[in-house]
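Below is one structure, written out as structure tokens; comments come after it.
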Amino acid sequence: MDGRFADALARLPDYLGSHVLVSVTALALGLALSVPLALAALGRPALRAVLLGSTSIVQTVPGLALLALFYPLLLGAAAFSERLTGVGFSALGFLPAVLALALYSMLPVVRNMITGILGVDAAAKQAALGVGMTTGQSLRMVELPLALPVIMAGVRTAAVWVIGTATLSTPIGQESLGNYIFAGLQTQNWVFVLFGCVAAAVLALLVDQLLALVERGYAVRSRARMAAGVAGLALTVLAALLPSTMRAGGGYVIGAKSFSEQYILAALIEDRLRDSGLAARRRDGLGSAVILSALAANDIDAYVEYTGTVWANQLKRTDVPPRAEVVRQVADWLKARHGIVMLGGLGFENAYALAMRRDRARELGVKSIADLAPHAPSLSVAADFEFFSRPEWKAILSAYGLSFARERQMQAEFMYQAAAAGEVDVISAYTSDGRIAEYDLVVLEDPKQALPPYDAILLVSPRRTNDKAFLDALRPLVGAIDVVTMREANRRASSGATPEATARWLDQKIRDKI
């Protein structure tokens with residue numbers, strides 16, 4: 001069996017169980033909100049218009065954006081709750097995912113319920129009232145049963161939407177089948193990507209067909225079919241949740257952003273903790289806007305950050321003092337503002353940089369970003385999804401007066417291939433990425449120092465700053481990884497090695513130096 005497929009199977013109980021739990025909870029909450037609201041709006045045209053309009057607007061918000069928006073809202077609510085009552089809650093993962101998905105599920109249920117009930121033949125309603133039924137009895141005993149096929153169609157649509165959209169909850173810390181997809185895209189593990197897509201599709205189709213069985217059973221008055229459908233749904237949920245529940249555990253939580261190097265370093269930290277006899281698990285694929293807040297809120301215990309990211313995005317600094325001063329000020333700000341401790345630098349820098357294919361740069365006589373400026377109006381540039389909105393990009397444009405003919409956004413791992421194939425002229429590369437050498441690219445110098453240093457630093461959450469066993473397990477990593485070794489680790493990962501296997505290789509390299 002292919003090692004990547006075996007690895008995917010090994011992760012299935014955890015990912016599937018978490019995916020089913022968040023989907024079922026969100027759908028149940030969505031139904032609990034939608035049904036009474038739809039019933040209340042039946043005889044109120046103004047309320048009906050507002051309800052349908054608002055649920056329709058929710059559908060226009062991209063799923064990933066809606067999920068991400070709930071995290072800072074809940075983070076503020078958790079902080080307020082803790083100040084007011086002394087009791088807080090975790091704003092990472094499950095809760096924001098459930099709330100966002102519940103909102104996403106409401107439109108098909110509300111719309112189909114209102115449409116179905118209002119579409120019941122008026123003669124049937126008149127007949128119910130004519131035999132002495134009250135309006136409420138007519139609704140329960142006549143209108144709802146007649147509208148059930150339309151209502152169930154809405155429920156089935158909502159279930160499929162929730163299961164599909166739940167794959168996008170990975171960046172806000174909710175484990176799901178989306179972990180396969182996000183990790184696979186970042187590490188070019190296409191087995192993971194395909195496995196995650198197929199698993200989510202199979203789950204959605206299975207739930208849809210079981211709900212259809214319940215619907216058909218009701219239509220033909222077959223209690224056996226209805227019971228089979230309900231039992232199938234219950235067994236599906238139990239079969240998904242039981243292995244995940246049995247394997248669930250506590251321990252230290254290591255965070256990782258959604259790119260290959262972060263997966264490797266998180267796996268390395270996890271291994272070091274386990275070697276010291278400490279239970280540990282990872283939360284991979286967290287969004288850049290989420291992970292620092294999660295650390296400050298003690299939702300994760302440690303992760304690797306880069307000084308330039310904090311300097312530009314959190315401190316909003318555009319000046320670039322000496323490297324040591326940047327590191328010092330970043331450490332002081334993290335401690336003073338969030339109680340986060342910087343354990344130290346890992347020993348390498350993963351900086352943003354502009355890169356070009358070597359022969360193309362030589363042809364244009366470009367060695368630095370300053371040399372690039374006169375050619376930029378006829379060139380295209382590609383970057384990851386966040387780079388063009390980051391302060392670093394604005395600093396480069398301001399410092400060098402760049403104006404490219406075209407800007408393209410794409411997954412980070414595709415940029416290098418696109419540059420090598422000549423599909424784009426310039427990319428936003430990472431200096432510790434092994435694909436720079438693999439695709440024969442050249443990093444352009446930054447003579448005006450528009451970009452700050454990006455030393456990899458190991459951060460620890462406020463609640464772990466006095467945890468001696470935890471800190472002692474991680475301190476040997478400080479200063480232990482040079483950029484050449486990290487580039488080779490990244491190259492191995494981009495060539496198909498899993499983050500776990502790459503982390504073991506990196507750990508051995510570190511130990512060999514001691």
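In the structure tokens, chains take letters A, B, ... by order of appearance, with residues numbered from 1 within each chain and ligands from 1 in the order shown.
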
Can you list, as a PyMOL selection string, all residues belonging to range 294-484 of chain A that DSSP tags as strand (DSSP E)?
chain A and resi 302-306+341-349+352-357+380-383+406-409+426-430+441-443+455-460

Can you tell me which residues surround Ala32 in chain A at a distance of at most 10 Å, considering only C-alpha atoms, apart from same-chain residues fewer than 6 positions away, and format the answer as JSON, numbers by chain?
{"A": [26, 102, 106]}

Taking only residues of range 246-308 of chain A that have an atom at most 12 Å from an atom of range 314-336 of chain A, what is each one's shortest atom pair and its distance in Å to one decimal, using only C-alpha atoms, in chain and number order, as CSV?
```
residue,atom,partner,partner_atom,distance
A:Ser288,CA,A:Gln314,CA,11.3
A:Ala289,CA,A:Gln314,CA,10.0
A:Leu292,CA,A:Leu334,CA,9.7
A:Ser293,CA,A:Gln314,CA,10.9
A:Leu295,CA,A:Leu334,CA,10.6
A:Ala296,CA,A:Leu334,CA,8.9
A:Glu305,CA,A:Val330,CA,10.8
A:Tyr306,CA,A:Val327,CA,9.6
A:Thr307,CA,A:Val327,CA,6.4
A:Gly308,CA,A:Val326,CA,8.1
```

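Counting only C-alpha atoms, Gly232 in chain A has the following residues at most 12 Å away, ignoring those fewer than 2 positions along the same chain: Leu206, Val207, Asp208, Gln209, Leu210, Leu211, Ala212, Leu213, Val214, Ala224, Arg225, Met226, Ala227, Ala228, Gly229, Val230, Ala234, Leu235, Thr236, Val237, Leu238 and Ala239 of chain A.
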
Applying 7 Å and only C-alpha atoms, which residues near Val304 in chain A remain after dropping the ones on its own chain fewer than 6 positions away? List them as a compact mmCIF listing (two decimals) with C-alpha atoms, in the first residue's frame.
```txt
# COMPACT_ATOMS: atom_id res chain seq x y z
CA ALA A 456 11.96 31.85 12.84
CA ILE A 457 11.10 32.17 16.54
CA LEU A 458 9.54 29.65 18.91
CA LEU A 459 6.63 31.17 20.85
```

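Ranking A:Pro108, A:Pro62, A:Pro453, A:Pro447 by their shortest atom-to-atom distance to Ser368 in chain A, with only C-alpha atoms included, puts A:Pro447 first.
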
Which residues are near Thr135 in chain A? Cut-off 9 Å, only C-alpha atoms, ignore same chain within fewer than 6 positions. Put them as a PyMOL selection string.
chain A and resi 125+128-129

Restrict the selected residues to C-alpha atoms and save them as an mmCIF file, in the first residue's frame.
```cif
data_model
loop_
_atom_site.group_PDB
_atom_site.id
_atom_site.type_symbol
_atom_site.label_atom_id
_atom_site.label_comp_id
_atom_site.auth_asym_id
_atom_site.auth_seq_id
_atom_site.Cartn_x
_atom_site.Cartn_y
_atom_site.Cartn_z
ATOM 1 C CA LYS A 125 -56.726 24.202 3.913
ATOM 2 C CA ALA A 128 -59.398 21.247 7.209
ATOM 3 C CA LEU A 129 -61.067 24.348 8.592
#
```
